[in-house]
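Trainee: Before I ask anything, let me first share the structure, which is written out below as structure tokens.
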Amino acid sequence: MDAWKERWKYPAILLLGIGVSNLGSWVYFIALNLIILDMTNSPLALSILYIMSPLAGLITNIWAGSLVDRVNKRSLMIVLDFVRAGVICVLPLMQSVWMIFGAVLIIQMASRLFGLGSFVYITKLIPKTLRPRFNSLNSLLGSGAFLLGPAIAGLLFMFGTPLAAIYINGAALFFSGMITFLMPNLEDGKLQKESEAAKFSIHAIKSDFQLVSRYYRKHLLVMAVCLTFAGLMVVMASAVDSLEAAFSTMVLGLNEGEYGFLVSIAGAGILIGALCNASIVKRVSLAALISIGSIGNVIGYIIYAFSHSITVAGIGFFVLAFFVSFANTGFATFYQNTIPVENMGRIGGINGFIESVLTIIMTVLFGAMAQYFSIRGVIVGGVLFMLVLAFVLSALIVKTSRTMVQKEHSKLSL
């Protein structure tokens, strides 16, 4: 029992900080939607708000990895939590919607940088044997925040104002930063010397691109898995999801309440899927998690795309949401076990940059095609392409896993 407590002491503290931060982020985002709508009464302004996240990825990811691999990850996480908390707390004082958009862009950029740095820190902190369980619990916390965040926001709006929700998220991020102070410092002196020798600069970013390029040329299968997973679960999913509201209301003929019910079903699917994933993650291979998760997710999209009633659409929403946790947990663990931790920030940053570019392109493309073709036709075409990607990903991850096992056997036999 003492050994178990010792192994899970720091992971539990980290999960607490992540959970509080995730919960606060949902409360903040819903409140910000209402504040922007109240200030502008414009759906276009809300669309601009939703573009901020991929735009932040486009701006940040190209250099974020170079910074993350050269600084102390724990210190970076603390600073970014406090920066985000400070900017969020001054949001209510801003009178101009464009000032708010600028502040949101800064928050999103800091969040992207925090996500990259925290992922590397988690990889260093969590032993390989504990990673599947940690990642599944992390996914479960994210699912709980997805459900509880809007509910808490709703209660706050009943008894207070959206501004109170904004301040609560600032407090949550401040708490997350304080929690991180309790975490161990995992950097060594060597990193600090390398950091001084290789200053963060344009030249450093250029050399990091070359480093990532060399790594992927040597590990083509790993590159194929990473890019295919991103193409399926982020790029194509975002493009299809961008037409979700239009499809539900204009094609299926649902009203706002019925569409909200579909979103609630998806939330239940995410939570139940995360619970199931956490219970089986230690008994299932990473290849199986990724394959089952990605194919199951796409099957849900297909059911939704071909639906003609709220019942069938609800089944599709539940299925696609149920399998998300399996795919994300499997891929996160695969990535942690495969990518060298000393280069993880740079590789993740460039992957994220490519992902952001493709997400923006595909989302705009799907929106444009929906103007000239039927919305259902565009979505059906998108989900069928997703099905192809899911099978390609499954084949790639199985082949990669076999190659890694063979390499391990070769090392043991030497």
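All residue names refer to the structure tokens as shown: chains lettered A, B, ... in order, residues numbered from 1 in each chain, ligands numbered from 1 in order.
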Write out as number ranges by chain each polymer residue whose atoms come within 12 Å of Ile205 in chain A, counting only C-alpha atoms; drop sequence neighbours fewer than 5 positions from it.
Mentor: A: 61-70, 198-200, 210-212, 345-347, 349-350
Trainee: Need the shell around range 215-223 of chain A: protein/DNA/RNA residues with any atom at most 9 Å away, counting only C-alpha atoms. Skip same-chain ones fewer than 3 positions apart. Format as a count of residues only?
Mentor: 14
Trainee: Can you pull out every residue within 10 Å of Phe323 in chain A, counting only C-alpha atoms, but drop anything in the same chain fewer than 6 positions away, and send it as a tab-separated table (two decimals) with N, CA and C atoms, in the first residue's frame?
Mentor:
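Okay, this is what ended up in part02.tsv:
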chain	number	residue	atom	x	y	z
A	269	GLY	N	-21.79	9.91	-23.65
A	269	GLY	CA	-20.96	8.92	-24.33
A	269	GLY	C	-19.49	9.06	-23.98
A	270	ILE	N	-19.03	10.31	-23.93
A	270	ILE	CA	-17.63	10.56	-23.57
A	270	ILE	C	-17.33	10.05	-22.16
A	272	ILE	N	-19.04	7.81	-20.22
A	272	ILE	CA	-19.16	6.34	-20.09
A	272	ILE	C	-17.99	5.66	-20.79
A	273	GLY	N	-17.61	6.18	-21.96
A	273	GLY	CA	-16.47	5.62	-22.67
A	273	GLY	C	-15.18	5.76	-21.88
A	274	ALA	N	-14.99	6.91	-21.25
A	274	ALA	CA	-13.79	7.13	-20.45
A	274	ALA	C	-13.75	6.19	-19.24
A	276	CYS	N	-15.19	3.17	-19.06
A	276	CYS	CA	-14.89	1.83	-19.59
A	276	CYS	C	-13.42	1.72	-19.96
A	277	ASN	N	-12.89	2.77	-20.58
A	277	ASN	CA	-11.50	2.78	-20.98
A	277	ASN	C	-10.58	2.65	-19.77
A	289	LEU	N	-6.24	-0.43	-28.57
A	289	LEU	CA	-6.93	0.79	-28.12
A	289	LEU	C	-7.10	1.79	-29.27
A	290	ILE	N	-6.00	2.02	-30.00
A	290	ILE	CA	-6.05	3.00	-31.09
A	290	ILE	C	-6.97	2.51	-32.21
A	292	ILE	N	-9.48	0.15	-32.14
A	292	ILE	CA	-10.89	0.10	-31.71
A	292	ILE	C	-11.45	1.51	-31.56
A	293	GLY	N	-10.66	2.39	-30.94
A	293	GLY	CA	-11.12	3.75	-30.71
A	293	GLY	C	-11.37	4.52	-31.99
A	294	SER	N	-10.43	4.43	-32.94
A	294	SER	CA	-10.57	5.21	-34.17
A	294	SER	C	-11.69	4.67	-35.06
A	295	ILE	N	-11.76	3.35	-35.23
A	295	ILE	CA	-12.80	2.77	-36.08
A	295	ILE	C	-14.18	2.95	-35.43
A	296	GLY	N	-14.26	2.73	-34.11
A	296	GLY	CA	-15.53	2.92	-33.41
A	296	GLY	C	-16.00	4.36	-33.50
A	297	ASN	N	-15.07	5.31	-33.38
A	297	ASN	CA	-15.41	6.72	-33.49
A	297	ASN	C	-15.99	7.04	-34.87
A	298	VAL	N	-15.37	6.51	-35.92
A	298	VAL	CA	-15.84	6.78	-37.28
A	298	VAL	C	-17.19	6.12	-37.54
A	299	ILE	N	-17.41	4.93	-36.98
A	299	ILE	CA	-18.72	4.27	-37.14
A	299	ILE	C	-19.82	5.16	-36.57
A	300	GLY	N	-19.54	5.80	-35.44
A	300	GLY	CA	-20.50	6.75	-34.87
A	300	GLY	C	-20.78	7.90	-35.81
Trainee: Which polymer residues have any atom within 9 Å of an atom of Met39 in chain A, counting only C-alpha atoms, with same-chain residues fewer than 2 positions away left out, as a list in words?
Mentor: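 So the residues in contact are Leu34, Ile35, Ile36, Leu37, Asn41, Ser42, Gln95, Ser96 and Val97 of chain A.
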Trainee: Output as CSV one row per residue of range 335-365 of chain A within 12 Å of range 240-243 of chain A: the closest atom pair and its distance in Å to one decimal place, counting only C-alpha atoms, sorted by chain and residue number ascending.
Mentor:
residue,atom,partner,partner_atom,distance
A:Thr359,CA,A:Val240,CA,10.6
A:Ile360,CA,A:Ser242,CA,10.8
A:Met362,CA,A:Val240,CA,9.0
A:Thr363,CA,A:Ser242,CA,6.7
A:Val364,CA,A:Ser242,CA,9.2
A:Leu365,CA,A:Val240,CA,10.6
Trainee: Quick check, in Å to one decimal: how far apart do CA of Phe326 in chain A and CA of Leu232 in chain A lie?
Mentor: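 Rounded to one decimal, the two atoms are 14.2 Å apart.
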Trainee: Closest to Gly86 in chain A among A:Thr311, A:Ser25, A:Asn169, A:Thr333, using only C-alpha atoms?
Mentor: A:Asn169
Trainee: Pick from A:Ile303, A:Val120, A:Ile18, A:Met52: nearest to Phe174 in chain A, with only C-alpha atoms counted?
Mentor: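 The closest residue to Phe174 in chain A is A:Ile18.
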Trainee: Identify which of the residues A:Val398, A:Leu93, A:Val380, A:Met77 lies closest to Gly117 in chain A, counting only C-alpha atoms when measuring atom-to-atom distances.
Mentor: A:Met77
Trainee: From the options A:Leu271, A:Leu130, A:Leu58, A:Val90, which residue's atoms come nearest to Ser325 in chain A, counting only C-alpha atoms?
Mentor: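 The shortest atom-to-atom distance to Ser325 in chain A comes from A:Leu271.
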Trainee: Between CA of Thr60 in chain A and CA of Met109 in chain A, what is the spacing in Å?
Mentor: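 CA of Thr60 in chain A lies at a distance of 6.0 Å from CA of Met109 in chain A.
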Trainee: Find the distance between CA of Ile78 in chain A and CA of Ala332 in chain A and write it in Å to one decimal.
Mentor: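 Going from CA of Ile78 in chain A over to CA of Ala332 in chain A, I get 22.6 Å.
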Trainee: Could you pull the residues within 7 Å of range 278-285 of chain A, counting only C-alpha atoms, minus those fewer than 2 positions along the same chain, as an MDAnalysis selection string?
Mentor: chainID A and resid 132:133 136:137 274:276 287:289
Trainee: Save out the residues we just selected, C-alpha atoms, as a CSV table (one decimal), in the first residue's frame.
Mentor:
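New file again-v9.csv:
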chain,number,residue,atom,x,y,z
A,132,PRO,CA,-1.8,3.9,-19.8
A,133,ARG,CA,-3.7,4.2,-16.5
A,136,SER,CA,-7.0,7.0,-19.1
A,137,LEU,CA,-7.6,8.9,-15.8
A,274,ALA,CA,-13.8,7.1,-20.4
A,275,LEU,CA,-15.0,5.0,-17.5
A,276,CYS,CA,-14.9,1.8,-19.6
A,287,ALA,CA,-2.5,-1.0,-30.9
A,288,ALA,CA,-5.9,-2.4,-30.0
A,289,LEU,CA,-6.9,0.8,-28.1
Trainee: Tell me, as a list in words, which residues lie within 8 Å of Phe114 in chain A, counting only C-alpha atoms; anything in the same chain fewer than 5 positions away does not count.
Mentor: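 Listing them by chain and then by number gives Leu76, Met77, Leu80 and Asp81 of chain A.
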Trainee: For the residues selected in the previous step, produce a file with C-alpha atoms as an mmCIF file, in the first residue's frame.
Mentor:
data_model
loop_
_atom_site.group_PDB
_atom_site.id
_atom_site.type_symbol
_atom_site.label_atom_id
_atom_site.label_comp_id
_atom_site.auth_asym_id
_atom_site.auth_seq_id
_atom_site.Cartn_x
_atom_site.Cartn_y
_atom_site.Cartn_z
ATOM 1 C CA LEU A 76 7.162 27.072 -17.622
ATOM 2 C CA MET A 77 3.892 25.451 -16.527
ATOM 3 C CA LEU A 80 1.839 30.015 -17.989
ATOM 4 C CA ASP A 81 -0.845 29.184 -15.410
#
